[in-house]
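Shown below: upload-v8.txt, with compact mmCIF, C-alpha atoms and all ligand atoms.
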# COMPACT_ATOMS: atom_id res chain seq x y z
CA MET A 1 -51.38 136.75 30.70
CA SER A 2 -47.90 138.26 30.51
CA VAL A 3 -48.98 141.83 31.12
CA ASP A 4 -50.85 142.93 34.22
CA TYR A 5 -53.16 145.33 32.48
CA GLN A 6 -54.49 146.75 35.74
CA SER A 7 -51.00 147.93 36.55
CA LEU A 8 -51.04 149.96 33.34
CA ALA A 9 -53.83 152.18 34.66
CA VAL A 10 -52.67 155.58 35.91
CA LYS A 11 -51.80 155.61 39.57
CA GLY A 12 -54.88 157.36 40.95
CA VAL A 13 -57.14 154.99 39.05
CA GLN A 14 -55.36 151.85 40.28
CA ALA A 15 -56.27 152.61 43.87
CA LEU A 16 -59.84 153.63 43.03
CA SER A 17 -62.94 151.80 44.18
CA PRO A 18 -66.03 152.45 42.10
CA TYR A 19 -68.97 154.54 43.32
CA GLN A 20 -71.48 152.31 45.13
CA PRO A 21 -74.96 153.13 43.90
CA GLY A 22 -78.19 152.12 45.63
CA LYS A 23 -79.33 148.61 44.78
CA PRO A 24 -81.69 148.61 41.80
CA ILE A 25 -85.18 147.15 42.34
CA GLU A 26 -84.76 144.58 39.54
CA GLU A 27 -81.52 143.32 41.07
CA LEU A 28 -83.09 142.68 44.47
CA ALA A 29 -86.07 141.03 42.79
CA ARG A 30 -83.70 138.65 40.94
CA GLU A 31 -81.59 137.92 44.00
CA LEU A 32 -84.41 137.18 46.43
CA GLY A 33 -87.10 136.03 44.02
CA LEU A 34 -89.35 138.92 45.05
CA ASN A 35 -92.00 140.62 42.95
CA PRO A 36 -90.48 143.94 41.76
CA GLU A 37 -93.89 145.56 42.21
CA GLU A 38 -93.68 144.91 45.92
CA ILE A 39 -90.20 146.32 46.42
CA ILE A 40 -89.71 149.92 47.51
CA LYS A 41 -86.44 151.72 46.87
CA LEU A 42 -85.58 154.50 49.29
CA ALA A 43 -81.88 154.35 48.54
CA SER A 44 -80.86 157.01 46.04
CA ASN A 45 -82.66 160.20 47.04
CA GLU A 46 -84.96 159.91 44.05
CA ASN A 47 -88.21 161.83 43.80
CA PRO A 48 -91.05 159.56 44.99
CA LEU A 49 -93.65 161.47 42.96
CA GLY A 50 -92.46 160.03 39.66
CA PRO A 51 -91.48 162.44 36.91
CA SER A 52 -93.40 165.58 35.99
CA GLU A 53 -96.05 164.95 33.32
CA LYS A 54 -94.95 168.09 31.50
CA ALA A 55 -91.37 166.86 31.44
CA MET A 56 -92.47 163.47 30.11
CA ALA A 57 -94.54 165.03 27.32
CA ALA A 58 -91.51 167.06 26.22
CA ALA A 59 -89.27 163.99 26.46
CA ARG A 60 -91.61 161.88 24.30
CA LYS A 61 -91.64 164.58 21.67
CA ALA A 62 -87.84 164.81 21.65
CA LEU A 63 -87.57 161.04 21.39
CA GLU A 64 -89.11 161.25 17.91
CA GLU A 65 -86.06 163.20 16.72
CA SER A 66 -83.58 160.62 17.99
CA CYS A 67 -81.77 160.35 14.66
CA LEU A 68 -80.39 163.86 15.16
CA TYR A 69 -77.51 164.85 17.40
CA PRO A 70 -78.54 166.90 20.41
CA ASP A 71 -78.00 170.65 20.47
CA GLY A 72 -74.43 170.62 21.77
CA ASN A 73 -74.92 174.05 23.31
CA GLY A 74 -78.18 173.10 24.99
CA PHE A 75 -79.65 176.45 23.98
CA ALA A 76 -83.26 175.82 25.00
CA LEU A 77 -82.35 174.47 28.44
CA LYS A 78 -79.88 177.28 29.04
CA GLN A 79 -82.58 179.75 28.03
CA ALA A 80 -84.94 178.17 30.56
CA LEU A 81 -82.23 178.47 33.25
CA VAL A 82 -81.62 182.11 32.26
CA ASN A 83 -85.34 182.80 32.59
CA ARG A 84 -85.59 181.14 35.97
CA PHE A 85 -82.42 182.37 37.64
CA GLY A 86 -81.56 185.61 35.88
CA VAL A 87 -78.05 184.45 35.02
CA ALA A 88 -76.35 184.95 31.65
CA MET A 89 -76.21 182.19 29.06
CA ASN A 90 -72.39 182.14 29.13
CA GLN A 91 -72.30 181.38 32.86
CA ILE A 92 -73.88 177.96 32.40
CA THR A 93 -72.18 174.61 31.87
CA LEU A 94 -74.45 171.62 31.31
CA GLY A 95 -73.54 168.11 32.39
CA ASN A 96 -74.67 164.53 32.08
CA GLY A 97 -75.83 164.77 35.68
CA SER A 98 -74.03 167.17 37.97
CA ASN A 99 -71.54 164.36 38.58
CA ASP A 100 -70.31 165.03 35.08
CA VAL A 101 -69.82 168.73 35.86
CA LEU A 102 -68.04 167.93 39.14
CA GLU A 103 -65.62 165.70 37.25
CA VAL A 104 -65.03 168.23 34.48
CA ILE A 105 -64.28 170.90 37.10
CA ALA A 106 -61.70 168.67 38.77
CA ARG A 107 -60.09 167.76 35.46
CA CYS A 108 -59.91 171.40 34.35
CA PHE A 109 -58.51 172.90 37.52
CA ALA A 110 -56.61 170.23 39.46
CA GLY A 111 -53.92 167.68 38.63
CA PRO A 112 -51.16 165.54 40.14
CA GLU A 113 -49.52 168.47 41.93
CA SER A 114 -52.74 169.80 43.45
CA GLU A 115 -54.70 169.38 46.62
CA VAL A 116 -58.48 169.22 46.72
CA VAL A 117 -60.28 169.91 50.00
CA PHE A 118 -63.59 168.36 51.05
CA SER A 119 -65.25 167.31 54.28
CA GLN A 120 -65.36 163.98 56.04
CA TYR A 121 -68.79 162.39 55.36
CA ALA A 122 -69.22 164.50 52.22
CA PHE A 123 -70.51 163.27 48.86
CA ALA A 124 -68.44 160.27 47.66
CA VAL A 125 -67.87 161.71 44.21
CA TYR A 126 -65.44 164.39 45.51
CA PRO A 127 -62.72 161.98 46.68
CA LEU A 128 -63.42 159.79 43.67
CA VAL A 129 -62.81 162.43 41.00
CA THR A 130 -59.88 163.82 42.99
CA GLN A 131 -58.15 160.47 43.05
CA ALA A 132 -58.93 159.72 39.42
CA ILE A 133 -57.04 162.81 38.26
CA GLY A 134 -54.10 162.00 40.53
CA ALA A 135 -54.62 164.97 42.85
CA LYS A 136 -54.32 164.72 46.60
CA GLY A 137 -57.61 164.69 48.48
CA VAL A 138 -57.66 166.44 51.84
CA SER A 139 -60.56 165.19 53.93
CA VAL A 140 -61.25 167.61 56.76
CA PRO A 141 -62.80 166.09 59.91
CA ALA A 142 -66.49 166.94 60.20
CA LYS A 143 -68.11 168.84 63.04
CA ASP A 144 -71.47 167.51 64.28
CA TRP A 145 -71.70 165.47 61.05
CA GLY A 146 -71.51 168.67 58.97
CA HIS A 147 -68.68 170.52 57.25
CA ASP A 148 -66.26 172.24 59.63
CA LEU A 149 -65.92 175.31 57.43
CA ASP A 150 -63.28 176.95 59.60
CA ALA A 151 -61.10 173.86 59.49
CA MET A 152 -61.65 173.61 55.74
CA ALA A 153 -60.50 177.18 55.25
CA GLU A 154 -57.44 176.43 57.38
CA ALA A 155 -56.66 173.36 55.23
CA VAL A 156 -55.99 175.60 52.23
CA ASN A 157 -52.33 175.87 51.27
CA ALA A 158 -50.28 176.85 48.22
CA ARG A 159 -51.13 173.59 46.44
CA THR A 160 -54.90 173.84 47.01
CA LYS A 161 -56.81 174.27 43.75
CA LEU A 162 -60.35 173.29 44.63
CA ILE A 163 -62.70 173.02 47.59
CA PHE A 164 -65.91 171.03 47.40
CA VAL A 165 -68.71 172.13 49.72
CA ALA A 166 -72.00 170.23 49.67
CA ASN A 167 -74.79 172.42 51.04
CA PRO A 168 -76.95 170.60 52.05
CA ASN A 169 -74.60 167.66 52.40
CA ASN A 170 -75.32 164.10 51.34
CA PRO A 171 -75.41 161.63 53.17
CA THR A 172 -75.73 163.60 56.43
CA GLY A 173 -78.41 166.15 55.47
CA THR A 174 -76.56 168.92 57.30
CA VAL A 175 -76.64 172.51 56.03
CA HIS A 176 -74.92 175.84 56.62
CA THR A 177 -76.59 179.22 56.72
CA ALA A 178 -75.91 181.95 54.20
CA ASP A 179 -73.90 183.83 56.81
CA ALA A 180 -71.66 180.83 57.45
CA ILE A 181 -71.08 180.19 53.74
CA GLU A 182 -70.29 183.86 53.11
CA ALA A 183 -67.89 184.03 56.03
CA PHE A 184 -66.21 180.91 54.65
CA LEU A 185 -65.92 182.31 51.12
CA GLN A 186 -64.37 185.47 52.49
CA ARG A 187 -61.56 183.41 53.98
CA ILE A 188 -60.70 181.60 50.74
CA PRO A 189 -58.03 183.12 48.48
CA GLU A 190 -59.36 184.18 45.07
CA HIS A 191 -57.17 181.74 43.16
CA VAL A 192 -58.73 178.75 44.94
CA LEU A 193 -62.00 177.63 43.35
CA VAL A 194 -64.92 176.78 45.60
CA VAL A 195 -67.52 174.36 44.26
CA LEU A 196 -70.79 174.86 46.10
CA ASP A 197 -72.77 171.71 45.37
CA GLU A 198 -76.44 172.60 45.83
CA ALA A 199 -77.98 169.31 44.71
CA TYR A 200 -80.70 169.62 47.37
CA CYS A 201 -81.16 173.40 47.53
CA GLU A 202 -84.70 173.24 46.12
CA PHE A 203 -85.83 171.51 49.32
CA LEU A 204 -84.59 174.31 51.55
CA THR A 205 -87.20 176.54 53.07
CA GLY A 206 -86.10 179.46 55.16
CA GLU A 207 -84.44 182.78 54.53
CA GLU A 208 -81.34 181.80 56.46
CA TYR A 209 -80.06 179.45 53.76
CA PRO A 210 -77.83 180.62 50.94
CA ASP A 211 -78.67 180.78 47.26
CA GLY A 212 -75.29 180.19 45.68
CA ILE A 213 -76.27 182.05 42.53
CA GLN A 214 -76.68 185.26 44.54
CA LEU A 215 -73.11 184.91 45.79
CA LEU A 216 -71.47 184.67 42.37
CA GLU A 217 -71.17 188.38 41.83
CA ARG A 218 -69.16 188.87 45.00
CA PHE A 219 -67.10 185.68 44.79
CA PRO A 220 -65.67 185.16 41.28
CA ASN A 221 -63.93 181.95 42.42
CA LEU A 222 -67.30 180.30 43.12
CA ILE A 223 -68.89 177.56 41.00
CA VAL A 224 -72.45 176.58 41.89
CA CYS A 225 -73.56 173.08 40.87
CA ARG A 226 -77.16 171.92 40.71
CA THR A 227 -79.07 168.94 39.38
CA PHE A 228 -82.38 167.83 37.92
CA SER A 229 -82.05 164.46 39.67
CA LYS A 230 -83.59 165.25 43.02
CA ALA A 231 -86.36 167.82 43.56
CA TRP A 232 -86.97 168.03 39.80
CA GLY A 233 -87.47 164.27 39.53
CA LEU A 234 -85.33 163.45 36.50
CA ALA A 235 -82.55 161.23 37.91
CA ALA A 236 -82.59 158.79 34.99
CA MET A 237 -82.23 161.58 32.45
CA ARG A 238 -78.85 162.64 33.85
CA VAL A 239 -78.92 166.43 33.70
CA GLY A 240 -77.04 168.83 35.93
CA TYR A 241 -75.38 172.19 35.49
CA SER A 242 -73.00 174.66 36.96
CA ILE A 243 -73.26 178.42 37.11
CA SER A 244 -70.03 180.35 37.39
CA SER A 245 -68.23 183.31 35.92
CA PRO A 246 -68.20 183.24 32.10
CA GLU A 247 -64.41 182.74 32.22
CA ILE A 248 -64.69 179.56 34.27
CA ALA A 249 -67.65 178.32 32.20
CA ASP A 250 -65.57 178.81 29.05
CA VAL A 251 -62.85 176.54 30.46
CA LEU A 252 -65.38 173.87 31.51
CA ASN A 253 -67.05 173.96 28.12
CA ARG A 254 -63.74 173.19 26.40
CA VAL A 255 -63.37 169.92 28.27
CA ARG A 256 -66.93 168.59 28.55
CA GLN A 257 -67.93 166.19 25.81
CA PRO A 258 -69.63 168.04 22.95
CA PHE A 259 -72.94 166.16 23.28
CA ASN A 260 -72.81 165.29 26.97
CA VAL A 261 -76.51 165.92 27.53
CA ASN A 262 -78.88 164.06 25.22
CA SER A 263 -81.88 165.60 23.47
CA VAL A 264 -84.52 163.81 25.51
CA ALA A 265 -82.92 164.96 28.75
CA LEU A 266 -82.50 168.52 27.49
CA ALA A 267 -86.18 168.70 26.56
CA ALA A 268 -87.39 167.15 29.81
CA ALA A 269 -85.24 169.45 31.95
CA ALA A 270 -86.30 172.60 30.11
CA ALA A 271 -89.95 171.62 30.52
CA VAL A 272 -89.76 170.77 34.21
CA LEU A 273 -88.14 174.12 35.01
CA GLU A 274 -91.47 175.68 34.12
CA ASP A 275 -93.48 173.20 36.15
CA ASP A 276 -93.70 175.02 39.46
CA ALA A 277 -96.66 172.91 40.54
CA TYR A 278 -94.43 169.83 40.37
CA LEU A 279 -91.66 171.48 42.37
CA ASN A 280 -94.11 172.64 45.02
CA ARG A 281 -95.53 169.15 45.34
CA SER A 282 -91.98 167.74 45.65
CA ARG A 283 -91.31 170.12 48.50
CA GLU A 284 -94.57 169.37 50.29
CA VAL A 285 -94.19 165.61 50.04
CA ASN A 286 -90.61 165.91 51.24
CA GLU A 287 -91.38 168.09 54.21
CA ALA A 288 -94.18 165.80 55.36
CA GLY A 289 -91.99 162.74 54.78
CA LEU A 290 -89.09 164.13 56.80
CA ARG A 291 -91.49 164.72 59.69
CA GLN A 292 -93.03 161.27 59.35
CA LEU A 293 -89.63 159.55 59.37
CA ALA A 294 -88.32 161.63 62.29
CA GLU A 295 -91.44 160.82 64.33
CA GLY A 296 -91.09 157.16 63.42
CA PHE A 297 -87.46 157.07 64.55
CA ASP A 298 -88.42 158.77 67.81
CA ARG A 299 -91.12 156.17 68.36
CA ILE A 300 -88.68 153.30 67.73
CA GLY A 301 -86.07 155.04 69.87
CA LEU A 302 -83.41 155.56 67.20
CA SER A 303 -81.26 158.65 66.91
CA PHE A 304 -80.82 160.30 63.53
CA ILE A 305 -79.07 163.28 62.00
CA PRO A 306 -81.65 166.05 61.49
CA SER A 307 -81.81 166.58 57.72
CA VAL A 308 -82.92 169.29 55.34
CA GLY A 309 -82.45 167.06 52.28
CA ASN A 310 -84.79 164.39 50.92
CA PHE A 311 -83.18 161.67 53.04
CA ILE A 312 -82.21 160.97 56.66
CA ALA A 313 -79.23 159.11 58.10
CA VAL A 314 -80.48 157.03 61.02
CA ASP A 315 -78.28 155.33 63.61
CA VAL A 316 -79.28 151.66 63.81
CA GLY A 317 -76.22 150.61 65.79
CA GLU A 318 -73.42 148.15 65.18
CA GLN A 319 -75.78 145.67 63.55
CA SER A 320 -76.42 148.01 60.63
CA ALA A 321 -75.30 145.51 57.97
CA ALA A 322 -77.71 142.92 59.36
CA VAL A 323 -80.49 145.52 59.58
CA TYR A 324 -79.86 146.47 55.96
CA GLN A 325 -80.10 142.81 54.92
CA ALA A 326 -83.24 142.28 56.99
CA LEU A 327 -84.81 145.31 55.27
CA LEU A 328 -83.88 143.88 51.86
CA ALA A 329 -85.54 140.59 52.81
CA ARG A 330 -88.69 142.65 53.47
CA GLY A 331 -88.46 144.29 50.07
CA VAL A 332 -87.17 147.65 51.33
CA ILE A 333 -83.96 149.05 49.81
CA VAL A 334 -82.09 151.74 51.77
CA ARG A 335 -78.47 152.82 51.57
CA PRO A 336 -75.65 151.59 53.79
CA VAL A 337 -73.15 154.39 54.42
CA ALA A 338 -70.27 152.42 55.93
CA GLY A 339 -68.25 153.47 52.87
CA TYR A 340 -68.64 157.06 54.10
CA GLY A 341 -67.16 156.12 57.46
CA MET A 342 -70.62 155.90 59.03
CA PRO A 343 -70.84 152.19 59.87
CA ASN A 344 -73.76 152.51 62.30
CA HIS A 345 -76.02 154.56 60.02
CA LEU A 346 -78.33 153.75 57.17
CA ARG A 347 -79.52 156.48 54.84
CA VAL A 348 -83.15 156.38 53.87
CA SER A 349 -84.67 158.59 51.19
CA VAL A 350 -88.03 160.21 51.78
CA GLY A 351 -90.82 158.29 50.05
CA LEU A 352 -94.57 158.70 49.73
CA PRO A 353 -96.47 158.44 53.05
CA ASP A 354 -97.30 154.74 52.64
CA GLU A 355 -93.71 153.94 51.61
CA ASN A 356 -92.34 155.72 54.67
CA GLU A 357 -94.78 153.81 56.85
CA ARG A 358 -93.82 150.50 55.26
CA PHE A 359 -90.15 151.30 55.76
CA LEU A 360 -90.69 152.20 59.43
CA SER A 361 -92.55 149.00 60.24
CA ALA A 362 -90.01 146.91 58.28
CA LEU A 363 -87.29 148.72 60.25
CA SER A 364 -88.85 147.79 63.59
CA GLU A 365 -88.97 144.15 62.51
CA ALA A 366 -85.48 144.29 61.03
CA LEU A 367 -84.01 145.64 64.27
CA THR A 368 -85.55 142.78 66.21
CA SER A 369 -84.45 140.13 63.73
CA ALA A 370 -80.93 141.57 63.49
CA GLN A 371 -80.68 141.48 67.27
CA GLU A 372 -81.79 137.87 67.39
CA GLY A 373 -79.32 137.02 64.64
CA ARG A 374 -82.00 135.87 62.23
C1 LIG B 401 -77.33 163.41 44.02
C2 LIG B 401 -76.21 164.35 44.19
C3 LIG B 401 -75.65 164.99 43.09
C4 LIG B 401 -76.25 164.91 41.75
O1 LIG B 401 -76.01 163.83 41.01
P1 LIG B 401 -76.46 163.82 39.50
O2 LIG B 401 -75.22 163.38 38.81
O3 LIG B 401 -76.87 165.19 39.08
O4 LIG B 401 -77.58 162.85 39.45
C5 LIG B 401 -74.63 165.91 43.29
N1 LIG B 401 -74.19 166.17 44.53
C6 LIG B 401 -74.72 165.60 45.61
C7 LIG B 401 -74.23 165.98 46.95
C8 LIG B 401 -75.73 164.66 45.47
O5 LIG B 401 -76.23 164.05 46.54
Turn the structure described in the file into C-alpha cells.
Amino acid sequence: MSVDYQSLAVKGVQALSPYQPGKPIEELARELGLNPEEIIKLASNENPLGPSEKAMAAARKALEESCLYPDGNGFALKQALVNRFGVAMNQITLGNGSNDVLEVIARCFAGPESEVVFSQYAFAVYPLVTQAIGAKGVSVPAKDWGHDLDAMAEAVNARTKLIFVANPNNPTGTVHTADAIEAFLQRIPEHVLVVLDEAYCEFLTGEEYPDGIQLLERFPNLIVCRTFSKAWGLAAMRVGYSISSPEIADVLNRVRQPFNVNSVALAAAAAVLEDDAYLNRSREVNEAGLRQLAEGFDRIGLSFIPSVGNFIAVDVGEQSAAVYQALLARGVIVRPVAGYGMPNHLRVSVGLPDENERFLSALSEALTSAQEGR
C-alpha cells in the first residue's frame, strides 16, 4: 500500500481510541463456550426490568410502518416531552441516544481553536467528541471522585466554548446539589455553553438535587441532556434529547441528521413517557439494588464510591483486571474502568435482586481466585 490511509484522517481522529462498551452477552458466550441464558450483564447501566410493555406495544405497531421514513421532527415524542416537562416544542433536540446530541453540540459550538472543559473521571464521550472535532479537552482534576466545580469554573478562559457536567456522573455515581450547580452556573460567562448531562436524573430522590429544566430560564447558556436508555429502559432504541433555549435548539437541529431517531424508537419513547408505573418500578428496584450491593461490599470488606446512579464503582484493588476476568469466567459481566483512570475499580450496574446476589457471591470467589493467581 503506497498511501497510509490512516494518516489521511484528520488530526483529532488519528489519535482517537474508540469508546469501549460493556462486553455483550453473546460475545462472552462465544468466547468461553457458556450458555448465554446463564450469563448476567451488569456492565452498561441498563434497566434490569426489561422494557416497558407499553413501550413495546407502541414499538411493534410502529414497526409495521417501516417502509416510511420517520417523522424527521419527532412531533409525537416532542409533544410527549412538552406534556411531561412543560417546555416548549422548539426547545427540544432529539438524538439517536443522547450521545448523538452530545456530539452534535460539540460540532456546533466548538472547533480546532476551542477548549472544552470536563472533569477527570467523567463520562468518556466528552473527551472523545472533543478530540474528534479537533478541539482541546481540558480535564479538571476531580475532588472526592466527583466534579470539582470551582476548579472547572476557574479553568474557563477566552478559548473555552463548552463545559460538560455529568450530574450524576458516570462512572463514579457522584452528584451535586441544586445549590452547588446554581453557584457554578453563576460563575460561568454567558458566552460559554454548559451541557448538564442528566442521564441518571430520574433515579434521584431528594429535594436537594437539581432539575436542569428548571434552571433554563435563568441560565440561557445551559443545555440539559437526557436519555431513554437508563431509567426508561430503552437503551437499544437509541433515543435521547436536549432541552435548551430555542436559539440553541435551532442551531443543533441544523446539524443533526434529518432522520436521526427512527420511527420505532420515537414511538417507544413517547409511550414510555406516559408509563409512570414503569418509572416508579425502575426507581424502586434501583434503590433496593444500590442498598443490596453496598451491604454486600461492606460484608466482603470492599470500599466503594457511594452512588446515586444505577451503578456502583467498587474498589477491588490492584488485581482488578484478574477479578474482572474471574467474574467473566463465572458468567458475570461488569465494566472495567481503567480507561477512566480508575485502575482499581470495577463498575457494576444494579440488577434484579437475584442478579445482585449472584454478582456478589461471584465477586467473593473472584477475589480469592485473583489473589491465588488462578
Ligand atoms: C448512559 C449515558 C448517556 C446516555 O447514552 P445514550 O446515548 O443516551 O444511550 C449519557 N451520559 C452519560 C453520563 C451516560 O452515562
Discussion item. When you look at Leu360 (chain A) with a cut-off of 12 Å (counting only C-alpha atoms), what residues show up, excluding the ones that are within fewer than 3 positions of it in the same chain? I need them as a PyMOL selection string.
Written reply: chain A and resi 42+289+292-302+314+327+330+332+334+348+350-351+353-357+363-367
Fill in: Near-Tyr126 (chain A) list (10 Å; all atoms listed in the file; drop same-chain fewer than 4 positions) as an MDAnalysis selection string
chainID A and resid 99 102:103 106 116:119 122 130:131 137 139 163:166
Worksheet entry | Pick from A:Lys78, A:Pro336, A:Met152, A:Val13 nearest to Ala43 (chain A), counting only C-alpha atoms | A:Pro336
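All protein and nucleic acid residues in the vicinity of (-82.2, 141.6, 64.6), that is within 10 Å when counting all atoms listed in the file, are A:Gln319, A:Ser320, A:Ala322, A:Val323, A:Gln325, A:Ala326, A:Leu363, A:Ser364, A:Glu365, A:Ala366, A:Leu367, A:Thr368, A:Ser369, A:Ala370, A:Gln371, A:Glu372, A:Gly373, A:Arg374.
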Discussion item. List as a list in words the protein and nucleic acid residues lying within 7 Å of ligand LIG 401 (chain B), with all atoms listed in the file counted.
Written reply: Asn45, Asn96, Gly97, Ser98, Asn99, Asp100, Phe123, Ala166, Asn169, Asn170, Asp197, Glu198, Ala199, Arg226, Thr227, Phe228, Ser229, Lys230, Ala235, Arg238, Val239 and Gly240 of chain A
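Proximity ranking of A:Gly331, A:Gly72, A:Ala268, A:Gly339 relative to Ala58 (chain A) places A:Ala268 first, based on only C-alpha atoms.
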Worksheet entry | Sel. within 8 Å of pt (-55.8, 171.2, 49.8), counting all atoms listed in the file, output as a count of residues only | 15
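Pairwise distance (CA of Tyr278 (chain A), CA of Leu346 (chain A)) equals 28.3 Å.
CA of Asn280 (chain A) sits 16.9 Å away from CA of Phe85 (chain A).
A straight line drawn from CA of Val255 (chain A) to CA of Thr93 (chain A) is 10.6 Å long.
The nearest approach to Ile243 (chain A) among the residues A:Ile223, A:Ala62, A:Ala288, A:Ala267, with only C-alpha atoms taken into account, belongs to A:Ile223.
Proximity of A:Tyr340, A:Tyr200, A:Phe184, A:Trp232 to Leu215 (chain A), computed with all atoms listed in the file, is greatest for A:Phe184.
In this comparison, which uses all atoms listed in the file, the residue of A:Leu222, A:Ile305, A:Leu328, A:Ala55 approaching Pro24 (chain A) most closely is A:Leu328.
Closest to Pro21 (chain A) among A:Ala132, A:Ala269, A:Ala151, A:Val125 is A:Val125, based on only C-alpha atoms.
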Give the centre and edge lengths of an axis-aligned box, in Å to one decimal, that holds all listed atoms of region 42-52 of chain A with 3 Å on each side, as JSON.
{"center_x": -87.3, "center_y": 160.0, "center_z": 42.6, "size_x": 18.8, "size_y": 17.2, "size_z": 19.3}
